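Engineer: See model-v4.pdb below, with PDB, C-alpha atoms.
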```pdb
ATOM      1  CA  MET L   1      -6.721  -9.126  36.287  1.00  0.00           C
ATOM      2  CA  THR L   2      -4.190 -11.924  36.570  1.00  0.00           C
ATOM      3  CA  GLU L   3      -2.783 -13.295  39.768  1.00  0.00           C
ATOM      4  CA  ASP L   4       0.948 -12.997  40.034  1.00  0.00           C
ATOM      5  CA  SER L   5       2.397 -15.469  42.458  1.00  0.00           C
ATOM      6  CA  SER L   6       5.995 -14.695  41.576  1.00  0.00           C
ATOM      7  CA  SER L   7       8.094 -12.841  44.054  1.00  0.00           C
ATOM      8  CA  ASP L   8      10.367 -10.561  42.125  1.00  0.00           C
ATOM      9  CA  GLY L   9      10.367  -7.672  44.555  1.00  0.00           C
ATOM     10  CA  ALA L  10       8.483  -5.453  42.155  1.00  0.00           C
ATOM     11  CA  GLY L  11       5.086  -5.795  43.834  1.00  0.00           C
ATOM     12  CA  GLU L  12       3.340  -3.026  45.743  1.00  0.00           C
ATOM     13  CA  PRO L  13       4.876  -2.265  49.159  1.00  0.00           C
ATOM     14  CA  ALA L  14       2.966  -3.557  52.172  1.00  0.00           C
ATOM     15  CA  ALA L  15       0.943  -0.977  54.124  1.00  0.00           C
ATOM     16  CA  GLN L  16       2.776   0.360  57.149  1.00  0.00           C
ATOM     17  CA  PRO L  17       1.771  -1.170  60.495  1.00  0.00           C
ATOM     18  CA  LEU L  18      -0.583   0.839  62.678  1.00  0.00           C
ATOM     19  CA  ALA L  19       1.784   1.957  65.405  1.00  0.00           C
ATOM     20  CA  THR L  20       4.801   3.096  63.418  1.00  0.00           C
ATOM     21  CA  GLY L  21       5.756   6.626  62.476  1.00  0.00           C
ATOM     22  CA  SER L  22       5.793   8.120  59.010  1.00  0.00           C
ATOM     23  CA  ILE L  23       3.277   6.651  56.630  1.00  0.00           C
ATOM     24  CA  ASP L  24       3.386   7.114  52.881  1.00  0.00           C
ATOM     25  CA  PRO L  25       0.415   9.464  52.240  1.00  0.00           C
ATOM     26  CA  ALA L  26      -0.513   7.379  49.219  1.00  0.00           C
ATOM     27  CA  ARG L  27      -0.937   4.297  51.438  1.00  0.00           C
ATOM     28  CA  ARG L  28      -2.910   5.902  54.276  1.00  0.00           C
ATOM     29  CA  ARG L  29      -6.151   4.256  55.243  1.00  0.00           C
ATOM     30  CA  THR L  30      -9.254   6.301  55.770  1.00  0.00           C
ATOM     31  CA  LEU L  31     -10.545   6.145  59.326  1.00  0.00           C
ATOM     32  CA  GLN L  32     -14.157   7.123  59.819  1.00  0.00           C
ATOM     33  CA  LEU L  33     -14.589   8.447  63.336  1.00  0.00           C
ATOM     34  CA  GLY L  34     -18.203   7.465  63.423  1.00  0.00           C
ATOM     35  CA  ALA L  35     -21.569   8.465  62.138  1.00  0.00           C
ATOM     36  CA  ALA L  36     -24.686   9.047  64.176  1.00  0.00           C
ATOM     37  CA  GLY L  37     -26.336   5.770  65.101  1.00  0.00           C
ATOM     38  CA  ALA L  38     -23.430   3.585  64.042  1.00  0.00           C
ATOM     39  CA  ILE L  39     -22.814   0.580  66.296  1.00  0.00           C
ATOM     40  CA  THR L  40     -19.133   0.276  67.064  1.00  0.00           C
ATOM     41  CA  ALA L  41     -19.019  -2.202  69.947  1.00  0.00           C
ATOM     42  CA  LEU L  42     -20.648  -5.432  71.016  1.00  0.00           C
ATOM     43  CA  THR L  43     -19.758  -6.976  74.349  1.00  0.00           C
ATOM     44  CA  VAL L  44     -19.779 -10.716  74.920  1.00  0.00           C
ATOM     45  CA  ARG L  45     -20.145 -11.241  78.610  1.00  0.00           C
ATOM     46  CA  PRO L  46     -18.924 -14.302  80.514  1.00  0.00           C
ATOM     47  CA  ALA L  47     -21.381 -17.206  80.272  1.00  0.00           C
ATOM     48  CA  PHE L  48     -23.074 -15.453  77.353  1.00  0.00           C
ATOM     49  CA  ALA L  49     -23.990 -18.765  75.723  1.00  0.00           C
ATOM     50  CA  GLN L  50     -25.691 -20.085  78.847  1.00  0.00           C
ATOM     51  CA  THR L  51     -29.318 -19.581  79.782  1.00  0.00           C
ATOM     52  CA  ALA L  52     -30.166 -17.256  82.655  1.00  0.00           C
ATOM     53  CA  ALA L  53     -30.983 -20.257  84.842  1.00  0.00           C
ATOM     54  CA  SER L  54     -27.665 -21.973  84.222  1.00  0.00           C
ATOM     55  CA  VAL L  55     -25.698 -18.806  84.929  1.00  0.00           C
ATOM     56  CA  PHE L  56     -27.065 -18.696  88.454  1.00  0.00           C
ATOM     57  CA  ASN L  57     -26.389 -22.397  88.920  1.00  0.00           C
ATOM     58  CA  CYS L  58     -22.715 -21.874  88.186  1.00  0.00           C
ATOM     59  CA  GLN L  59     -20.427 -22.418  91.148  1.00  0.00           C
ATOM     60  CA  ILE L  60     -17.897 -20.429  93.127  1.00  0.00           C
ATOM     61  CA  PRO L  61     -15.628 -22.487  95.371  1.00  0.00           C
ATOM     62  CA  VAL L  62     -14.155 -20.740  98.403  1.00  0.00           C
ATOM     63  CA  PRO L  63     -11.267 -20.972  98.022  1.00  0.00           C
ATOM     64  CA  ASP L  64     -10.475 -22.484  94.623  1.00  0.00           C
ATOM     65  CA  PRO L  65      -9.579 -26.174  94.753  1.00  0.00           C
ATOM     66  CA  ALA L  66      -5.887 -25.577  94.150  1.00  0.00           C
ATOM     67  CA  ARG L  67      -5.691 -23.722  97.460  1.00  0.00           C
ATOM     68  CA  SER L  68      -8.179 -25.700  99.511  1.00  0.00           C
ATOM     69  CA  SER L  69      -5.580 -26.265 102.257  1.00  0.00           C
ATOM     70  CA  GLN L  70      -5.593 -22.554 103.149  1.00  0.00           C
ATOM     71  CA  TYR L  71      -7.907 -20.549 105.373  1.00  0.00           C
ATOM     72  CA  VAL L  72      -9.802 -17.386 104.415  1.00  0.00           C
ATOM     73  CA  ALA L  73      -9.039 -14.257 106.417  1.00  0.00           C
ATOM     74  CA  LEU L  74     -11.700 -11.637 107.146  1.00  0.00           C
ATOM     75  CA  ASP L  75     -10.402  -9.425 104.334  1.00  0.00           C
ATOM     76  CA  GLY L  76     -10.685 -12.288 101.856  1.00  0.00           C
ATOM     77  CA  THR L  77      -6.999 -13.078 101.520  1.00  0.00           C
ATOM     78  CA  LEU L  78      -5.787 -16.642 101.913  1.00  0.00           C
ATOM     79  CA  VAL L  79      -3.666 -17.469 104.956  1.00  0.00           C
ATOM     80  CA  PRO L  80      -2.086 -20.636 106.376  1.00  0.00           C
ATOM     81  CA  SER L  81      -4.437 -23.220 107.780  1.00  0.00           C
ATOM     82  CA  GLY L  82      -5.297 -22.588 111.434  1.00  0.00           C
ATOM     83  CA  THR L  83      -4.543 -18.853 111.381  1.00  0.00           C
ATOM     84  CA  GLN L  84      -6.422 -17.180 114.224  1.00  0.00           C
ATOM     85  CA  GLY L  85      -9.426 -15.213 113.057  1.00  0.00           C
ATOM     86  CA  ALA L  86      -9.479 -16.917 109.670  1.00  0.00           C
ATOM     87  CA  PHE L  87     -12.011 -19.451 108.438  1.00  0.00           C
ATOM     88  CA  PRO L  88     -11.624 -22.917 106.899  1.00  0.00           C
ATOM     89  CA  PRO L  89     -12.700 -23.507 103.293  1.00  0.00           C
ATOM     90  CA  ALA L  90     -16.432 -23.536 102.652  1.00  0.00           C
ATOM     91  CA  ALA L  91     -17.968 -26.988 102.939  1.00  0.00           C
ATOM     92  CA  ARG L  92     -19.240 -26.741  99.372  1.00  0.00           C
ATOM     93  CA  PRO L  93     -19.023 -24.281  96.465  1.00  0.00           C
ATOM     94  CA  PHE L  94     -21.624 -21.529  96.525  1.00  0.00           C
ATOM     95  CA  THR L  95     -23.945 -21.138  93.546  1.00  0.00           C
ATOM     96  CA  GLY L  96     -24.078 -17.940  91.539  1.00  0.00           C
ATOM     97  CA  GLU L  97     -27.603 -17.350  92.847  1.00  0.00           C
ATOM     98  CA  GLU L  98     -26.464 -17.649  96.470  1.00  0.00           C
ATOM     99  CA  VAL L  99     -23.637 -15.169  95.916  1.00  0.00           C
ATOM    100  CA  ARG L 100     -25.954 -12.818  94.036  1.00  0.00           C
ATOM    101  CA  ARG L 101     -28.293 -12.792  97.035  1.00  0.00           C
ATOM    102  CA  ALA L 102     -25.331 -12.196  99.352  1.00  0.00           C
ATOM    103  CA  LEU L 103     -24.348  -9.184  97.246  1.00  0.00           C
ATOM    104  CA  ALA L 104     -27.876  -7.901  97.847  1.00  0.00           C
ATOM    105  CA  GLY L 105     -27.450  -8.200 101.611  1.00  0.00           C
ATOM    106  CA  ARG L 106     -28.521 -11.730 102.507  1.00  0.00           C
ATOM    107  CA  SER L 107     -26.111 -14.146 104.148  1.00  0.00           C
ATOM    108  CA  LEU L 108     -24.323 -16.987 102.441  1.00  0.00           C
ATOM    109  CA  PRO L 109     -25.993 -20.305 103.390  1.00  0.00           C
ATOM    110  CA  GLY L 110     -24.483 -22.032 106.416  1.00  0.00           C
ATOM    111  CA  THR L 111     -22.187 -19.172 107.425  1.00  0.00           C
ATOM    112  CA  SER L 112     -21.890 -16.890 110.418  1.00  0.00           C
ATOM    113  CA  TYR L 113     -21.711 -13.134 109.857  1.00  0.00           C
ATOM    114  CA  ASP L 114     -17.891 -12.955 109.983  1.00  0.00           C
ATOM    115  CA  GLN L 115     -17.451 -16.165 108.019  1.00  0.00           C
ATOM    116  CA  GLY L 116     -19.779 -14.923 105.293  1.00  0.00           C
ATOM    117  CA  THR L 117     -17.941 -11.597 105.241  1.00  0.00           C
ATOM    118  CA  ALA L 118     -14.615 -13.370 104.797  1.00  0.00           C
ATOM    119  CA  TYR L 119     -15.969 -15.556 102.006  1.00  0.00           C
ATOM    120  CA  MET L 120     -17.558 -12.624 100.168  1.00  0.00           C
ATOM    121  CA  ASN L 121     -14.358 -10.599 100.429  1.00  0.00           C
ATOM    122  CA  TYR L 122     -12.503 -13.563  98.927  1.00  0.00           C
ATOM    123  CA  ILE L 123     -15.015 -13.745  96.103  1.00  0.00           C
ATOM    124  CA  ARG L 124     -14.715 -10.003  95.422  1.00  0.00           C
ATOM    125  CA  ARG L 125     -10.953 -10.476  94.993  1.00  0.00           C
ATOM    126  CA  LEU L 126     -11.335 -13.121  92.289  1.00  0.00           C
ATOM    127  CA  ARG L 127      -9.525 -12.386  89.026  1.00  0.00           C
ATOM    128  CA  ALA L 128      -9.727 -13.862  85.537  1.00  0.00           C
ATOM    129  CA  GLY L 129      -8.191 -17.328  85.543  1.00  0.00           C
ATOM    130  CA  GLN L 130      -9.277 -18.205  89.063  1.00  0.00           C
ATOM    131  CA  SER L 131     -11.981 -20.784  89.655  1.00  0.00           C
ATOM    132  CA  GLY L 132     -15.330 -19.054  90.069  1.00  0.00           C
ATOM    133  CA  PHE L 133     -14.359 -15.750  88.426  1.00  0.00           C
ATOM    134  CA  THR L 134     -16.529 -16.223  85.352  1.00  0.00           C
ATOM    135  CA  CYS L 135     -19.516 -17.174  87.512  1.00  0.00           C
ATOM    136  CA  TYR L 136     -18.984 -14.142  89.760  1.00  0.00           C
ATOM    137  CA  ALA L 137     -18.565 -11.788  86.815  1.00  0.00           C
ATOM    138  CA  SER L 138     -21.758 -13.152  85.266  1.00  0.00           C
ATOM    139  CA  ILE L 139     -23.969 -12.514  88.296  1.00  0.00           C
ATOM    140  CA  GLN L 140     -22.886  -8.888  88.540  1.00  0.00           C
ATOM    141  CA  LEU L 141     -24.055  -7.991  85.056  1.00  0.00           C
ATOM    142  CA  PRO L 142     -27.460  -6.336  84.580  1.00  0.00           C
ATOM    143  CA  ARG L 143     -30.112  -8.729  83.332  1.00  0.00           C
TER
ATOM    144  CA  MET D 144      -7.951  27.373  83.327  1.00  0.00           C
ATOM    145  CA  MET D 145      -8.768  23.652  83.647  1.00  0.00           C
ATOM    146  CA  ALA D 146      -6.224  21.290  82.110  1.00  0.00           C
ATOM    147  CA  ALA D 147      -7.564  19.047  79.367  1.00  0.00           C
ATOM    148  CA  LYS D 148      -8.321  15.493  80.486  1.00  0.00           C
ATOM    149  CA  LEU D 149      -5.623  12.947  79.760  1.00  0.00           C
ATOM    150  CA  TRP D 150      -6.927   9.692  78.274  1.00  0.00           C
ATOM    151  CA  HIS D 151      -5.180   6.475  79.296  1.00  0.00           C
ATOM    152  CA  GLY D 152      -5.274   3.176  77.437  1.00  0.00           C
ATOM    153  CA  PRO D 153      -5.039  -0.264  79.053  1.00  0.00           C
ATOM    154  CA  ARG D 154      -1.726  -1.410  80.510  1.00  0.00           C
ATOM    155  CA  PRO D 155       0.401  -3.624  78.248  1.00  0.00           C
ATOM    156  CA  GLY D 156      -0.611  -7.264  78.440  1.00  0.00           C
ATOM    157  CA  ARG D 157      -4.074  -6.644  79.818  1.00  0.00           C
ATOM    158  CA  LEU D 158      -5.828  -7.128  76.492  1.00  0.00           C
ATOM    159  CA  ILE D 159      -5.755  -9.990  74.023  1.00  0.00           C
ATOM    160  CA  VAL D 160      -6.475  -8.541  70.593  1.00  0.00           C
ATOM    161  CA  GLU D 161      -7.511 -10.637  67.611  1.00  0.00           C
ATOM    162  CA  PRO D 162      -8.359  -9.064  64.242  1.00  0.00           C
ATOM    163  CA  LEU D 163     -11.470 -10.572  62.641  1.00  0.00           C
ATOM    164  CA  ASP D 164     -11.510  -9.156  59.131  1.00  0.00           C
ATOM    165  CA  SER D 165     -13.084  -5.699  59.518  1.00  0.00           C
ATOM    166  CA  LEU D 166     -13.847  -6.177  63.223  1.00  0.00           C
ATOM    167  CA  THR D 167     -11.522  -6.746  66.173  1.00  0.00           C
ATOM    168  CA  ALA D 168     -12.093  -9.094  69.114  1.00  0.00           C
ATOM    169  CA  VAL D 169     -10.652  -7.750  72.360  1.00  0.00           C
ATOM    170  CA  PHE D 170     -10.549  -9.856  75.518  1.00  0.00           C
ATOM    171  CA  ASP D 171     -10.128  -7.745  78.640  1.00  0.00           C
ATOM    172  CA  GLY D 172      -8.316  -9.720  81.323  1.00  0.00           C
ATOM    173  CA  ARG D 173      -9.475  -7.294  83.974  1.00  0.00           C
ATOM    174  CA  SER D 174     -13.206  -7.704  83.427  1.00  0.00           C
ATOM    175  CA  GLY D 175     -13.331 -11.086  81.725  1.00  0.00           C
ATOM    176  CA  GLN D 176     -15.425  -9.571  78.955  1.00  0.00           C
ATOM    177  CA  THR D 177     -14.810  -9.920  75.256  1.00  0.00           C
ATOM    178  CA  HIS D 178     -15.635  -6.932  73.085  1.00  0.00           C
ATOM    179  CA  ILE D 179     -16.177  -7.052  69.348  1.00  0.00           C
ATOM    180  CA  LEU D 180     -15.110  -3.625  68.186  1.00  0.00           C
ATOM    181  CA  ALA D 181     -15.551  -1.857  64.885  1.00  0.00           C
ATOM    182  CA  PRO D 182     -13.295   0.945  63.665  1.00  0.00           C
ATOM    183  CA  PRO D 183     -12.281   3.416  64.968  1.00  0.00           C
ATOM    184  CA  LEU D 184     -12.349   1.895  68.470  1.00  0.00           C
ATOM    185  CA  PRO D 185      -9.423  -0.543  68.031  1.00  0.00           C
ATOM    186  CA  GLU D 186      -7.389   2.212  66.411  1.00  0.00           C
ATOM    187  CA  LEU D 187      -8.061   4.548  69.340  1.00  0.00           C
ATOM    188  CA  ILE D 188      -6.925   1.895  71.821  1.00  0.00           C
ATOM    189  CA  ALA D 189      -3.750   1.341  69.798  1.00  0.00           C
ATOM    190  CA  ALA D 190      -3.086   5.091  69.585  1.00  0.00           C
ATOM    191  CA  LEU D 191      -3.209   5.321  73.393  1.00  0.00           C
ATOM    192  CA  ALA D 192      -1.099   2.200  73.935  1.00  0.00           C
ATOM    193  CA  ASP D 193       2.264   3.907  74.215  1.00  0.00           C
ATOM    194  CA  ARG D 194       1.309   6.981  76.190  1.00  0.00           C
ATOM    195  CA  PRO D 195      -1.754   8.904  77.369  1.00  0.00           C
ATOM    196  CA  ALA D 196      -3.051  11.830  75.368  1.00  0.00           C
ATOM    197  CA  THR D 197      -5.565  14.628  75.431  1.00  0.00           C
ATOM    198  CA  ILE D 198      -8.237  14.544  72.750  1.00  0.00           C
ATOM    199  CA  ALA D 199      -6.319  17.173  70.766  1.00  0.00           C
ATOM    200  CA  GLU D 200      -3.081  15.162  70.985  1.00  0.00           C
ATOM    201  CA  LEU D 201      -4.954  12.011  70.001  1.00  0.00           C
ATOM    202  CA  ALA D 202      -6.365  13.757  66.952  1.00  0.00           C
ATOM    203  CA  VAL D 203      -2.831  14.698  65.897  1.00  0.00           C
ATOM    204  CA  ARG D 204      -1.582  11.135  66.408  1.00  0.00           C
ATOM    205  CA  LEU D 205      -4.410   9.637  64.407  1.00  0.00           C
ATOM    206  CA  ASN D 206      -4.062  12.250  61.687  1.00  0.00           C
ATOM    207  CA  GLU D 207      -0.457  11.157  61.188  1.00  0.00           C
ATOM    208  CA  MET D 208      -1.558   7.595  60.483  1.00  0.00           C
ATOM    209  CA  PHE D 209      -4.929   7.948  58.794  1.00  0.00           C
ATOM    210  CA  ASP D 210      -7.057  10.184  56.658  1.00  0.00           C
ATOM    211  CA  LEU D 211      -9.631  11.055  59.285  1.00  0.00           C
ATOM    212  CA  THR D 212     -13.252  11.560  58.296  1.00  0.00           C
ATOM    213  CA  ALA D 213     -16.162  12.417  60.536  1.00  0.00           C
ATOM    214  CA  ASP D 214     -19.774  13.570  60.416  1.00  0.00           C
ATOM    215  CA  GLY D 215     -18.902  16.477  62.658  1.00  0.00           C
ATOM    216  CA  ALA D 216     -15.970  18.100  64.419  1.00  0.00           C
ATOM    217  CA  ILE D 217     -13.151  15.579  64.794  1.00  0.00           C
ATOM    218  CA  THR D 218     -12.615  16.364  68.461  1.00  0.00           C
ATOM    219  CA  ASP D 219     -16.341  15.922  69.117  1.00  0.00           C
ATOM    220  CA  MET D 220     -16.329  12.564  67.382  1.00  0.00           C
ATOM    221  CA  LEU D 221     -13.214  11.483  69.265  1.00  0.00           C
ATOM    222  CA  ALA D 222     -14.810  12.512  72.544  1.00  0.00           C
ATOM    223  CA  ALA D 223     -17.873  10.415  71.740  1.00  0.00           C
ATOM    224  CA  ARG D 224     -15.795   7.355  70.761  1.00  0.00           C
ATOM    225  CA  LEU D 225     -13.609   7.693  73.870  1.00  0.00           C
ATOM    226  CA  GLY D 226     -16.761   7.882  75.955  1.00  0.00           C
ATOM    227  CA  GLU D 227     -17.865   4.577  74.442  1.00  0.00           C
ATOM    228  CA  LEU D 228     -14.514   2.984  75.229  1.00  0.00           C
ATOM    229  CA  ALA D 229     -14.662   4.349  78.763  1.00  0.00           C
ATOM    230  CA  ALA D 230     -18.118   2.801  79.227  1.00  0.00           C
ATOM    231  CA  LEU D 231     -16.576  -0.530  78.286  1.00  0.00           C
ATOM    232  CA  GLY D 232     -13.790   0.024  80.799  1.00  0.00           C
ATOM    233  CA  LEU D 233     -11.090  -0.001  78.141  1.00  0.00           C
ATOM    234  CA  VAL D 234      -9.832   3.588  78.565  1.00  0.00           C
ATOM    235  CA  GLU D 235     -10.128   6.153  81.304  1.00  0.00           C
ATOM    236  CA  ALA D 236      -9.649   9.892  81.672  1.00  0.00           C
ATOM    237  CA  ARG D 237      -7.771  11.395  84.596  1.00  0.00           C
TER
END
```
Spell out the structure here as structure tokens.
Structural biologist:
Amino acid sequence: MTEDSSSDGAGEPAAQPLATGSIDPARRRTLQLGAAGAITALTVRPAFAQTAASVFNCQIPVPDPARSSQYVALDGTLVPSGTQGAFPPAARPFTGEEVRRALAGRSLPGTSYDQGTAYMNYIRRLRAGQSGFTCYASIQLPR
Amino acid sequence: MMAAKLWHGPRPGRLIVEPLDSLTAVFDGRSGQTHILAPPLPELIAALADRPATIAELAVRLNEMFDLTADGAITDMLAARLGELAALGLVEAR
């Protein structure tokens, strides 16, 4: 079999992309829907490469450094500094282990009941891209 | 008579999909997890991308694009694969 690097337009047509409509029956790909025991998915969790110890030493700042001038309301949203009923930023980031214990019912170190509630509600609202999200996601996964 | 469940794929932009030869890496922005998926899971996600479908409708869509093979009834196999995707949080039935 020789390789033909020339482009004369006479080569085989490219296979149709997945999402488009009519497909030339001669070009259709076979799709096996699965056999018993076949493994079809592997999930790489956040902090997968870290040891169990280092996962729980990861940190969750409340709030993230970019918004450290804001206060944390009881529902976990960020509000202007000094807002009544809201709490100033945590003195230091919490470790994954500390937050994991708080999820199990213990209090966050150095916080009152309402303050800890506000901080935990903030942490529960974290989304991908925010500081502390990967750490929080990691501690929720079954060991 | 109960209506068939409608399967919904992820909203546009939620996933980052990267083909890796015969496997597909899928980063889910909602969970922060990365899934390495083998066929037919990426194809099922793509087939649900534009609009939700029942299992029967999904079978028709896939049959238009592929020669489907299965070690059992196609709808049973699709139900099993969709269950796997649902366990990963990538599709849901409602």
Engineer: Determine the nearest neighbour of chain L from the options D:Ala216, D:Ala236, D:Val169, D:Met208, counting all atoms listed in the file.
Structural biologist: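 Looking only at the distances to chain L, the closest residue turns out to be D:Met208.
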Engineer: Taking all atoms of segment 157-174 of chain D that the file lists, what box with edges along x, y and z, padded by 5 Å per side, do you get, with centre and edge lengths in Å to one decimal, as lines of an AutoDock Vina configuration file?
Structural biologist:
```
center_x = -9.0
center_y = -8.2
center_z = 71.6
size_x = 19.8
size_y = 14.9
size_z = 34.8
```
Engineer: Can you measure atom CA of Leu74 of chain L to atom CA of Pro61 of chain L for me? One decimal in Å is fine.
Structural biologist: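 Going from atom CA of Leu74 of chain L over to atom CA of Pro61 of chain L, I get 16.5 Å.
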Engineer: Applying 8 Å and only C-alpha atoms, which residues near Phe94 of chain L remain after dropping the ones on its own chain fewer than 5 positions away? List them as a VMD selection string.
Structural biologist: chain L and resid 59 to 62 99 108
Engineer: Measuring atom to atom with all atoms listed in the file, identify which of D:Leu166, D:Leu225, D:Gln176, D:Leu205 is nearest to Ser138 of chain L.
Structural biologist: D:Gln176
Engineer: Atom CA of Arg125 of chain L to atom CA of Ala229 of chain D: how many Å, to one decimal?
Structural biologist: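 These two atoms are separated by 22.3 Å.
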Engineer: Output the residue selection produced by the PyMOL selection byres ((chain D) within 6 of (chain L)) on the file above, formatted as a short mmCIF file (atom, residue, chain, number, x, y, z; two decimals) with C-alpha atoms, keeping the file's coordinate frame.
Structural biologist:
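To be explicit, this is the file written out as selection-v4.cif:
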```cif
data_model
loop_
_atom_site.label_atom_id
_atom_site.label_comp_id
_atom_site.auth_asym_id
_atom_site.auth_seq_id
_atom_site.Cartn_x
_atom_site.Cartn_y
_atom_site.Cartn_z
CA GLY D 175 -13.33 -11.09 81.72
CA GLN D 176 -15.42 -9.57 78.96
CA THR D 177 -14.81 -9.92 75.26
CA HIS D 178 -15.64 -6.93 73.08
CA ILE D 179 -16.18 -7.05 69.35
CA LEU D 180 -15.11 -3.62 68.19
CA ALA D 181 -15.55 -1.86 64.89
CA PRO D 183 -12.28 3.42 64.97
CA PHE D 209 -4.93 7.95 58.79
CA ASP D 210 -7.06 10.18 56.66
CA LEU D 211 -9.63 11.06 59.28
CA THR D 212 -13.25 11.56 58.30
CA ALA D 213 -16.16 12.42 60.54
CA ASP D 214 -19.77 13.57 60.42
#
```
Engineer: Using only C-alpha atoms, find the one residue out of D:Leu233, D:Thr197, D:Gly156, D:Asp171 that sits nearest to Thr218 of chain D.
Structural biologist: D:Thr197
Engineer: Skip Val234 of chain D itself and residues of its chain fewer than 2 positions away, then list as a ChimeraX atom specification all residues within 12 Å of it, counting all atoms listed in the file.
Structural biologist: /D:149-154,157-158,171,184-185,187-192,194-196,222,224-232,236-237
